[in-house]
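Undergrad: Dropping a structure here in structure tokens format, bear with me for questions.
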Amino acid sequence: MPLRVTFLGTAGAVPTTNRNPSGIHVAREGEELLFDAGEGTQRQMMRFGTGFSISHLFVTHLHGDHVLGIPGLLQTMDFNDREESLAVHTPHGTRRQLKGLVNALGNRPSFPVRINEVGDGDVAYRADEFEVRAFGTDHDTQSVGYALVEDDRKGRFDREHAEELGVPVGPKFSKLHNGEPVELEDGTVVDPEQVVGEPRPGRSLVYTGDTRPTVATIEAADEPDLLIHDATFAEDRADRAAKTAHSTAQQAAEIANRAGTDRLALMHISSRYAGHTGDHLAEARDVFDGEVFVPEDGDVIELEYMDADET
Ligand SMILES: [Zn+2]
Ligand SMILES: [Zn+2]
């Protein structure tokens with residue numbers, strides 16, 4: 001089952017010719033989610049072929065480079081005769097401002113838009129097989145990050161062993177796999193523990209939005225497969241990062257280490273670095289052994305299960 005992340009916009013507060021303001025599209029088994037919607041997000045969605053069928057928009061904070069794309073995106077959805085409702089999650093205390101963006105210039109979308117305020121530890125969205133949690137971040141306004149965490153999957157079914165125990169191939173197999181004991185014709189009872197392995201972890205990703213380094217990011221998910229972290233500056237502007245409530249690439253890497261992630265995406269690159277992200281990468285690699293990259297707009301990452309041989 002694919003879990004696909006498309007980086008729509010990777011710029012800092014000011015866009016560049018190559019980088020759009022923040023936006024991340026996540027697709028999972030027919031469900032599409034959007035994290036932040038900086039100005040121009042709808043065109044990035046067209047350029048990179050994600051489509052507009054998002055059911056949820058998760059807003060990290062109400063700075064323009066994360067939300068000014070909302071009015072245009074919603075108006076285009078309206079022109080497309082969208083009927084499905086859209087849920088917009090936003091930090092506590094921002095409902096009124098967000099409503100202003102949704103109804104910008106007096107345009108009221110003809111489809112339902114539900115605004116949901118979230119804070120540290122809240123489950124913003126509970127789906128069938130995963131949830132999206134909000135966690136507190138440290139920016140200079142009300143802000144949260146989001147962690148998408150899949151449920152554990154069933155343990156592996158040991159077909160060979162089941163047959164050895166005399167379980168006939170058929171419905172009893174799925175019963176056992178679903179955690180129910182079965183009785184054989186001779187009266188023997190086979191318990192699921194005999195033929196089903198330990199539950200296997202799902203996948204997870206964490207997106208911080210704009211923030212100084214925080215412990216909440218480390219605790220947002222257990223060893224996430226992907227951490228997308230604010231890395232607005234390199235170490236040469238560490239003082240500026242602290243002052244403006246952002247992170248350096250190296251700080252992001254230290255958080256990545258402590259979070260136990262395999263993969264770190266350095267986001268929200270300041271326009272001061274133009275196309276030069278060599279320092280970001282080198283400084284992050286100094287402290288983090290996993291895979292580090294600076295995504296470009298349009299880059300796509302597929303997250304695999306740890307045991308990738310089956311779903
Ligand atoms: Zn920003
Ligand atoms: Zn910001």
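By order in the structure tokens, chains are A, B, ...; within a chain, residues start at 1; ligands start at 1, following the order shown.
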If we count only C-alpha atoms and set the cut-off at 12 Å, which residues sit around His246 of chain A, ignoring sequence neighbours fewer than 3 positions away in its own chain? Please answer as an MDAnalysis selection string.
TA: chainID A and resid 12:13 137:141 208:214 229:235 237:243 249:252 267:270
Undergrad: Pull the alpha helix (DSSP H) assignments for segment 130-271 of chain A out of DSSP run on the backbone, and list those residues as an MDAnalysis selection string.
TA: chainID A and resid 159:164 171:177 192:195 215:219 238:243 249:259
Undergrad: Could those selected residues go to a file with N, CA, C and O atoms, as a short mmCIF file (atom, residue, chain, number, x, y, z; two decimals), in the first residue's frame?
TA:
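What ended up in out_29.cif:
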data_model
loop_
_atom_site.label_atom_id
_atom_site.label_comp_id
_atom_site.auth_asym_id
_atom_site.auth_seq_id
_atom_site.Cartn_x
_atom_site.Cartn_y
_atom_site.Cartn_z
N ARG A 159 1.81 -20.05 7.44
CA ARG A 159 0.96 -20.98 6.71
C ARG A 159 1.43 -22.42 6.84
O ARG A 159 0.64 -23.34 7.10
N GLU A 160 2.76 -22.56 6.71
CA GLU A 160 3.33 -23.92 6.77
C GLU A 160 3.04 -24.57 8.12
O GLU A 160 2.60 -25.71 8.19
N HIS A 161 3.29 -23.79 9.18
CA HIS A 161 3.08 -24.33 10.52
C HIS A 161 1.61 -24.64 10.76
O HIS A 161 1.27 -25.65 11.40
N ALA A 162 0.72 -23.79 10.23
CA ALA A 162 -0.71 -24.04 10.39
C ALA A 162 -1.09 -25.37 9.75
O ALA A 162 -1.85 -26.16 10.32
N GLU A 163 -0.53 -25.62 8.58
CA GLU A 163 -0.82 -26.89 7.90
C GLU A 163 -0.27 -28.07 8.69
O GLU A 163 -0.93 -29.10 8.83
N GLU A 164 0.94 -27.89 9.24
CA GLU A 164 1.54 -28.95 10.07
C GLU A 164 0.65 -29.30 11.26
O GLU A 164 0.56 -30.45 11.67
N PRO A 171 -11.20 -20.98 5.41
CA PRO A 171 -11.61 -19.87 6.29
C PRO A 171 -10.95 -19.90 7.67
O PRO A 171 -10.80 -18.86 8.30
N LYS A 172 -10.55 -21.10 8.13
CA LYS A 172 -9.92 -21.16 9.46
C LYS A 172 -8.59 -20.40 9.48
O LYS A 172 -8.17 -19.89 10.51
N PHE A 173 -7.95 -20.33 8.30
CA PHE A 173 -6.70 -19.55 8.19
C PHE A 173 -6.96 -18.08 8.53
O PHE A 173 -6.27 -17.48 9.34
N SER A 174 -7.99 -17.51 7.92
CA SER A 174 -8.22 -16.07 8.16
C SER A 174 -8.74 -15.83 9.57
O SER A 174 -8.45 -14.81 10.18
N LYS A 175 -9.49 -16.81 10.09
CA LYS A 175 -9.95 -16.69 11.48
C LYS A 175 -8.75 -16.56 12.42
O LYS A 175 -8.70 -15.68 13.27
N LEU A 176 -7.79 -17.47 12.22
CA LEU A 176 -6.59 -17.45 13.06
C LEU A 176 -5.83 -16.14 12.88
O LEU A 176 -5.39 -15.52 13.85
N HIS A 177 -5.71 -15.72 11.61
CA HIS A 177 -4.97 -14.48 11.33
C HIS A 177 -5.65 -13.28 11.96
O HIS A 177 -5.02 -12.30 12.33
N PRO A 192 -4.31 -18.54 17.95
CA PRO A 192 -3.62 -17.66 16.97
C PRO A 192 -2.14 -17.49 17.28
O PRO A 192 -1.32 -17.44 16.36
N GLU A 193 -1.79 -17.46 18.58
CA GLU A 193 -0.38 -17.24 18.95
C GLU A 193 0.53 -18.31 18.35
O GLU A 193 1.72 -18.10 18.18
N GLN A 194 -0.05 -19.50 18.06
CA GLN A 194 0.78 -20.59 17.54
C GLN A 194 1.19 -20.36 16.09
O GLN A 194 2.18 -20.90 15.63
N VAL A 195 0.41 -19.57 15.37
CA VAL A 195 0.68 -19.45 13.93
C VAL A 195 0.79 -18.00 13.43
O VAL A 195 1.07 -17.76 12.26
N VAL A 215 11.57 19.09 22.11
CA VAL A 215 11.44 17.71 22.56
C VAL A 215 10.15 17.09 22.03
O VAL A 215 10.08 15.90 21.73
N ALA A 216 9.11 17.91 21.88
CA ALA A 216 7.82 17.37 21.40
C ALA A 216 7.98 16.71 20.04
O ALA A 216 7.30 15.73 19.73
N THR A 217 8.86 17.24 19.21
CA THR A 217 9.10 16.63 17.90
C THR A 217 9.67 15.22 18.06
O THR A 217 9.29 14.29 17.34
N ILE A 218 10.56 15.08 19.03
CA ILE A 218 11.19 13.77 19.26
C ILE A 218 10.14 12.75 19.70
O ILE A 218 10.19 11.58 19.34
N GLU A 219 9.18 13.25 20.48
CA GLU A 219 8.18 12.34 21.05
C GLU A 219 6.94 12.17 20.16
O GLU A 219 6.05 11.40 20.50
N ALA A 238 22.94 30.86 12.89
CA ALA A 238 22.31 30.18 14.03
C ALA A 238 21.64 31.19 14.96
O ALA A 238 20.57 30.92 15.52
N ASP A 239 22.26 32.36 15.12
CA ASP A 239 21.66 33.36 16.02
C ASP A 239 20.34 33.86 15.44
O ASP A 239 19.37 34.08 16.17
N ARG A 240 20.31 33.96 14.14
CA ARG A 240 19.07 34.41 13.48
C ARG A 240 17.99 33.34 13.62
O ARG A 240 16.80 33.66 13.81
N ALA A 241 18.38 32.09 13.53
CA ALA A 241 17.41 30.98 13.70
C ALA A 241 16.76 31.07 15.08
O ALA A 241 15.54 30.98 15.22
N ALA A 242 17.59 31.28 16.10
CA ALA A 242 17.07 31.35 17.47
C ALA A 242 16.12 32.54 17.61
O ALA A 242 15.05 32.44 18.21
N LYS A 243 16.55 33.67 17.03
CA LYS A 243 15.77 34.90 17.18
C LYS A 243 14.42 34.82 16.46
O LYS A 243 13.41 35.32 16.95
N ALA A 249 20.01 23.56 10.11
CA ALA A 249 20.06 22.18 9.61
C ALA A 249 20.67 21.25 10.65
O ALA A 249 20.22 20.12 10.84
N GLN A 250 21.69 21.76 11.35
CA GLN A 250 22.35 20.92 12.36
C GLN A 250 21.42 20.62 13.54
O GLN A 250 21.38 19.50 14.04
N GLN A 251 20.66 21.62 13.94
CA GLN A 251 19.68 21.38 15.02
C GLN A 251 18.64 20.36 14.58
O GLN A 251 18.24 19.48 15.36
N ALA A 252 18.19 20.47 13.34
CA ALA A 252 17.23 19.50 12.81
C ALA A 252 17.82 18.10 12.85
O ALA A 252 17.14 17.13 13.19
N ALA A 253 19.11 18.00 12.53
CA ALA A 253 19.78 16.70 12.51
C ALA A 253 19.91 16.13 13.91
O ALA A 253 19.79 14.92 14.13
N GLU A 254 20.17 17.01 14.90
CA GLU A 254 20.24 16.53 16.29
C GLU A 254 18.89 15.98 16.73
O GLU A 254 18.81 14.95 17.41
N ILE A 255 17.82 16.66 16.35
CA ILE A 255 16.47 16.16 16.66
C ILE A 255 16.23 14.82 15.96
O ILE A 255 15.68 13.88 16.54
N ALA A 256 16.68 14.73 14.71
CA ALA A 256 16.49 13.49 13.94
C ALA A 256 17.17 12.33 14.64
O ALA A 256 16.62 11.23 14.74
N ASN A 257 18.37 12.57 15.15
CA ASN A 257 19.09 11.55 15.90
C ASN A 257 18.31 11.07 17.10
O ASN A 257 18.14 9.88 17.32
N ARG A 258 17.84 12.03 17.86
CA ARG A 258 17.15 11.68 19.10
C ARG A 258 15.79 11.05 18.82
O ARG A 258 15.29 10.26 19.63
N ALA A 259 15.20 11.38 17.68
CA ALA A 259 13.90 10.79 17.33
C ALA A 259 14.07 9.39 16.75
O ALA A 259 13.10 8.64 16.63
#
Undergrad: Atom CA of Glu291 of chain A and atom CA of Val14 of chain A, how far apart in Å?
TA: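 Going from atom CA of Val14 of chain A over to atom CA of Glu291 of chain A, I get 26.7 Å.
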Undergrad: Need the shell around Thr16 of chain A: protein/DNA/RNA residues with any atom at most 12 Å away, counting only C-alpha atoms. Skip same-chain ones fewer than 4 positions apart. Format as a PDB file with N, CA, C and O atoms, in the first residue's frame?
TA:
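Result file out_19.pdb:
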ATOM      1  N   GLY A   9       6.103  22.591  -1.934  1.00  0.00           N
ATOM      2  CA  GLY A   9       6.814  23.840  -1.713  1.00  0.00           C
ATOM      3  C   GLY A   9       7.787  23.676  -0.567  1.00  0.00           C
ATOM      4  O   GLY A   9       7.423  23.142   0.482  1.00  0.00           O
ATOM      5  N   THR A  10       9.022  24.122  -0.773  1.00  0.00           N
ATOM      6  CA  THR A  10      10.083  23.861   0.212  1.00  0.00           C
ATOM      7  C   THR A  10      10.799  25.144   0.626  1.00  0.00           C
ATOM      8  O   THR A  10      11.836  25.090   1.275  1.00  0.00           O
ATOM      9  N   ALA A  11      10.266  26.303   0.227  1.00  0.00           N
ATOM     10  CA  ALA A  11      10.936  27.584   0.507  1.00  0.00           C
ATOM     11  C   ALA A  11      10.715  28.024   1.946  1.00  0.00           C
ATOM     12  O   ALA A  11       9.812  27.552   2.636  1.00  0.00           O
ATOM     13  N   GLY A  12      11.534  28.973   2.368  1.00  0.00           N
ATOM     14  CA  GLY A  12      11.300  29.664   3.630  1.00  0.00           C
ATOM     15  C   GLY A  12      10.224  30.709   3.435  1.00  0.00           C
ATOM     16  O   GLY A  12       9.380  30.597   2.544  1.00  0.00           O
ATOM     17  N   ASN A  20       8.682  27.110  -4.003  1.00  0.00           N
ATOM     18  CA  ASN A  20       7.388  27.667  -3.599  1.00  0.00           C
ATOM     19  C   ASN A  20       7.326  27.674  -2.069  1.00  0.00           C
ATOM     20  O   ASN A  20       7.989  26.880  -1.419  1.00  0.00           O
ATOM     21  N   PRO A  21       6.493  28.538  -1.476  1.00  0.00           N
ATOM     22  CA  PRO A  21       6.277  28.427  -0.021  1.00  0.00           C
ATOM     23  C   PRO A  21       5.708  27.061   0.355  1.00  0.00           C
ATOM     24  O   PRO A  21       5.267  26.293  -0.493  1.00  0.00           O
ATOM     25  N   SER A  22       5.648  26.807   1.654  1.00  0.00           N
ATOM     26  CA  SER A  22       5.404  25.458   2.184  1.00  0.00           C
ATOM     27  C   SER A  22       4.134  24.771   1.701  1.00  0.00           C
ATOM     28  O   SER A  22       3.056  25.388   1.663  1.00  0.00           O
ATOM     29  N   GLY A  40       0.391  29.762  -4.043  1.00  0.00           N
ATOM     30  CA  GLY A  40       0.795  29.018  -5.237  1.00  0.00           C
ATOM     31  C   GLY A  40       0.690  27.505  -5.098  1.00  0.00           C
ATOM     32  O   GLY A  40       1.017  26.765  -6.022  1.00  0.00           O
ATOM     33  N   HIS A 268      12.003  24.334   4.326  1.00  0.00           N
ATOM     34  CA  HIS A 268      11.826  25.755   4.655  1.00  0.00           C
ATOM     35  C   HIS A 268      13.168  26.488   4.557  1.00  0.00           C
ATOM     36  O   HIS A 268      13.546  27.268   5.424  1.00  0.00           O
ATOM     37  N   ILE A 269      13.862  26.237   3.442  1.00  0.00           N
ATOM     38  CA  ILE A 269      15.198  26.808   3.248  1.00  0.00           C
ATOM     39  C   ILE A 269      15.077  28.312   2.953  1.00  0.00           C
ATOM     40  O   ILE A 269      14.349  28.717   2.050  1.00  0.00           O
ATOM     41  N   SER A 270      15.794  29.115   3.689  1.00  0.00           N
ATOM     42  CA  SER A 270      15.751  30.567   3.495  1.00  0.00           C
ATOM     43  C   SER A 270      16.234  30.951   2.102  1.00  0.00           C
ATOM     44  O   SER A 270      17.188  30.370   1.579  1.00  0.00           O
ATOM     45  N   SER A 271      15.597  31.980   1.543  1.00  0.00           N
ATOM     46  CA  SER A 271      15.973  32.442   0.205  1.00  0.00           C
ATOM     47  C   SER A 271      17.403  32.991   0.195  1.00  0.00           C
ATOM     48  O   SER A 271      18.020  33.133  -0.864  1.00  0.00           O
ATOM     49  N   ARG A 272      17.948  33.277   1.376  1.00  0.00           N
ATOM     50  CA  ARG A 272      19.332  33.759   1.441  1.00  0.00           C
ATOM     51  C   ARG A 272      20.321  32.739   0.904  1.00  0.00           C
ATOM     52  O   ARG A 272      21.447  33.073   0.555  1.00  0.00           O
ATOM     53  N   TYR A 273      19.924  31.469   0.890  1.00  0.00           N
ATOM     54  CA  TYR A 273      20.865  30.429   0.435  1.00  0.00           C
ATOM     55  C   TYR A 273      20.677  30.105  -1.045  1.00  0.00           C
ATOM     56  O   TYR A 273      21.431  29.317  -1.594  1.00  0.00           O
ATOM     57  N   ALA A 274      19.684  30.740  -1.649  1.00  0.00           N
ATOM     58  CA  ALA A 274      19.378  30.498  -3.066  1.00  0.00           C
ATOM     59  C   ALA A 274      19.512  29.002  -3.364  1.00  0.00           C
ATOM     60  O   ALA A 274      18.916  28.196  -2.690  1.00  0.00           O
ATOM     61  N   GLY A 275      20.286  28.626  -4.341  1.00  0.00           N
ATOM     62  CA  GLY A 275      20.404  27.205  -4.669  1.00  0.00           C
ATOM     63  C   GLY A 275      21.503  26.501  -3.894  1.00  0.00           C
ATOM     64  O   GLY A 275      21.831  25.353  -4.188  1.00  0.00           O
ATOM     65  N   GLU A 296      13.663  19.195  -3.285  1.00  0.00           N
ATOM     66  CA  GLU A 296      13.294  20.246  -4.235  1.00  0.00           C
ATOM     67  C   GLU A 296      11.781  20.173  -4.415  1.00  0.00           C
ATOM     68  O   GLU A 296      11.174  19.115  -4.207  1.00  0.00           O
ATOM     69  N   ASP A 297      11.169  21.241  -4.855  1.00  0.00           N
ATOM     70  CA  ASP A 297       9.740  21.208  -5.171  1.00  0.00           C
ATOM     71  C   ASP A 297       9.501  20.113  -6.218  1.00  0.00           C
ATOM     72  O   ASP A 297      10.228  20.038  -7.217  1.00  0.00           O
TER      73      ASP A 297
END
Undergrad: Could you check the closest approach to Ala134 of chain A for each of A:Phe157, A:Phe293, A:Tyr146, A:Phe7 and tell me which residue wins, using only C-alpha atoms?
TA: A:Tyr146
Undergrad: Excluding Thr6 of chain A and residues on its chain fewer than 4 positions from it, collect all residues at most 9 Å away from it, counting only C-alpha atoms, and give them as a PyMOL selection string.
TA: chain A and resi 23-27+48+50+297-302
Undergrad: Mind dumping the selected residues with N, CA, C and O atoms as an mmCIF file, in the first residue's frame?
TA:
data_model
loop_
_atom_site.group_PDB
_atom_site.id
_atom_site.type_symbol
_atom_site.label_atom_id
_atom_site.label_comp_id
_atom_site.auth_asym_id
_atom_site.auth_seq_id
_atom_site.Cartn_x
_atom_site.Cartn_y
_atom_site.Cartn_z
ATOM 1 N N GLY A 23 4.253 23.501 1.391
ATOM 2 C CA GLY A 23 3.120 22.646 1.071
ATOM 3 C C GLY A 23 3.630 21.220 0.897
ATOM 4 O O GLY A 23 4.649 21.009 0.243
ATOM 5 N N ILE A 24 2.944 20.278 1.533
ATOM 6 C CA ILE A 24 3.321 18.867 1.404
ATOM 7 C C ILE A 24 2.053 18.056 1.175
ATOM 8 O O ILE A 24 1.090 18.167 1.941
ATOM 9 N N HIS A 25 2.055 17.274 0.125
ATOM 10 C CA HIS A 25 0.901 16.434 -0.202
ATOM 11 C C HIS A 25 1.238 14.995 0.184
ATOM 12 O O HIS A 25 2.332 14.507 -0.112
ATOM 13 N N VAL A 26 0.300 14.343 0.857
ATOM 14 C CA VAL A 26 0.517 12.945 1.255
ATOM 15 C C VAL A 26 -0.651 12.112 0.735
ATOM 16 O O VAL A 26 -1.814 12.444 0.969
ATOM 17 N N ALA A 27 -0.332 11.052 0.011
ATOM 18 C CA ALA A 27 -1.370 10.162 -0.519
ATOM 19 C C ALA A 27 -1.192 8.773 0.073
ATOM 20 O O ALA A 27 -0.080 8.244 0.117
ATOM 21 N N PHE A 48 2.690 18.999 -10.321
ATOM 22 C CA PHE A 48 3.231 17.722 -9.879
ATOM 23 C C PHE A 48 2.176 16.619 -9.837
ATOM 24 O O PHE A 48 2.411 15.525 -9.330
ATOM 25 N N THR A 50 -0.727 15.968 -8.328
ATOM 26 C CA THR A 50 -1.337 15.344 -7.145
ATOM 27 C C THR A 50 -2.865 15.391 -7.207
ATOM 28 O O THR A 50 -3.520 14.621 -6.518
ATOM 29 N N ASP A 297 11.169 21.241 -4.855
ATOM 30 C CA ASP A 297 9.740 21.208 -5.171
ATOM 31 C C ASP A 297 9.501 20.113 -6.218
ATOM 32 O O ASP A 297 10.228 20.038 -7.217
ATOM 33 N N GLY A 298 8.512 19.293 -5.970
ATOM 34 C CA GLY A 298 8.190 18.232 -6.921
ATOM 35 C C GLY A 298 8.814 16.892 -6.554
ATOM 36 O O GLY A 298 8.448 15.871 -7.141
ATOM 37 N N ASP A 299 9.737 16.885 -5.607
ATOM 38 C CA ASP A 299 10.327 15.600 -5.203
ATOM 39 C C ASP A 299 9.262 14.721 -4.542
ATOM 40 O O ASP A 299 8.386 15.211 -3.821
ATOM 41 N N VAL A 300 9.360 13.423 -4.799
ATOM 42 C CA VAL A 300 8.398 12.460 -4.259
ATOM 43 C C VAL A 300 9.158 11.406 -3.467
ATOM 44 O O VAL A 300 10.199 10.924 -3.912
ATOM 45 N N ILE A 301 8.647 11.083 -2.299
ATOM 46 C CA ILE A 301 9.247 10.030 -1.474
ATOM 47 C C ILE A 301 8.173 8.978 -1.224
ATOM 48 O O ILE A 301 7.069 9.312 -0.800
ATOM 49 N N GLU A 302 8.497 7.722 -1.494
ATOM 50 C CA GLU A 302 7.583 6.626 -1.150
ATOM 51 C C GLU A 302 8.094 5.992 0.138
ATOM 52 O O GLU A 302 9.251 5.586 0.196
#
Undergrad: I need the residue nearest Asp122 of chain A from this list: A:Val182, A:Gln42, A:Leu68, A:Ala220. Use only C-alpha atoms for the distance.
TA: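 Using only C-alpha atoms, the shortest distance to Asp122 of chain A belongs to A:Ala220.
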Undergrad: Asn103 of chain A: which residues within 12 Å, counting only C-alpha atoms, same-chain residues fewer than 2 positions away excluded, as a tab-separated table (two decimals) with N, CA and C atoms, in the first residue's frame?
TA:
chain	number	residue	atom	x	y	z
A	70	ILE	N	-4.52	29.07	0.61
A	70	ILE	CA	-5.85	28.50	0.91
A	70	ILE	C	-6.97	29.16	0.09
A	71	PRO	N	-7.05	30.51	0.05
A	71	PRO	CA	-8.18	31.11	-0.70
A	71	PRO	C	-8.22	30.65	-2.15
A	72	GLY	N	-7.08	30.70	-2.83
A	72	GLY	CA	-7.06	30.32	-4.25
A	72	GLY	C	-7.40	28.86	-4.45
A	73	LEU	N	-6.85	28.01	-3.59
A	73	LEU	CA	-7.11	26.58	-3.72
A	73	LEU	C	-8.59	26.28	-3.53
A	74	LEU	N	-9.20	26.90	-2.51
A	74	LEU	CA	-10.61	26.64	-2.24
A	74	LEU	C	-11.51	27.19	-3.36
A	75	GLN	N	-11.11	28.34	-3.91
A	75	GLN	CA	-11.93	28.89	-4.99
A	75	GLN	C	-11.86	28.01	-6.24
A	78	ASP	N	-14.05	25.13	-5.76
A	78	ASP	CA	-15.41	25.58	-5.99
A	78	ASP	C	-15.75	25.60	-7.48
A	96	ARG	N	-10.74	31.97	13.88
A	96	ARG	CA	-11.32	33.16	13.27
A	96	ARG	C	-10.49	33.60	12.06
A	97	GLN	N	-9.17	33.63	12.25
A	97	GLN	CA	-8.29	34.01	11.14
A	97	GLN	C	-8.41	33.03	9.98
A	98	LEU	N	-8.50	31.76	10.32
A	98	LEU	CA	-8.58	30.75	9.28
A	98	LEU	C	-9.91	30.88	8.50
A	99	LYS	N	-10.95	31.18	9.25
A	99	LYS	CA	-12.25	31.37	8.61
A	99	LYS	C	-12.17	32.53	7.61
A	100	GLY	N	-11.42	33.56	7.99
A	100	GLY	CA	-11.22	34.70	7.10
A	100	GLY	C	-10.57	34.29	5.79
A	101	LEU	N	-9.64	33.34	5.86
A	101	LEU	CA	-8.98	32.86	4.65
A	101	LEU	C	-9.92	31.99	3.81
A	105	LEU	N	-12.55	37.56	0.69
A	105	LEU	CA	-13.22	38.47	-0.24
A	105	LEU	C	-14.70	38.13	-0.39
A	106	GLY	N	-15.25	37.55	0.66
A	106	GLY	CA	-16.68	37.27	0.63
A	106	GLY	C	-17.07	36.02	-0.14
A	107	ASN	N	-16.08	35.28	-0.63
A	107	ASN	CA	-16.39	34.02	-1.32
A	107	ASN	C	-16.62	32.94	-0.29
A	108	ARG	N	-17.77	32.36	-0.33
A	108	ARG	CA	-18.02	31.23	0.58
A	108	ARG	C	-18.03	29.98	-0.25
A	109	PRO	N	-17.17	29.03	0.06
A	109	PRO	CA	-17.18	27.79	-0.71
A	109	PRO	C	-18.56	27.14	-0.65
A	110	SER	N	-18.98	26.52	-1.76
A	110	SER	CA	-20.30	25.90	-1.77
A	110	SER	C	-20.25	24.49	-1.19
A	111	PHE	N	-19.05	23.99	-0.91
A	111	PHE	CA	-18.93	22.70	-0.23
A	111	PHE	C	-18.62	22.97	1.25
A	112	PRO	N	-18.96	22.02	2.12
A	112	PRO	CA	-18.75	22.27	3.56
A	112	PRO	C	-17.27	22.28	3.93
A	113	VAL	N	-16.89	23.27	4.71
A	113	VAL	CA	-15.52	23.33	5.24
A	113	VAL	C	-15.62	23.31	6.76
Undergrad: Please give the complete set of residues from segment 76-239 of chain A that DSSP, run on the backbone, assigns to strand (DSSP E or B), formatted as a VMD selection string.
TA: chain A and resid 86 to 91 113 to 118 123 to 126 130 to 136 144 to 150 153 157 182 to 183 189 to 190 196 200 204 to 207 226 to 230 233
Undergrad: Out of A:Glu304, A:Asp152, A:Asp65, A:Asp120, which residue has the shortest atom-to-atom distance to Pro199 of chain A when counting only C-alpha atoms?
TA: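 Of A:Glu304, A:Asp152, A:Asp65, A:Asp120, the one nearest Pro199 of chain A, counting only C-alpha atoms, is A:Asp152.
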Undergrad: Which one of A:Pro2, A:Gly187, A:Gly38, A:Pro181 sits closest to ligand 1 if you count only C-alpha atoms and all ligand atoms?
TA: A:Gly38
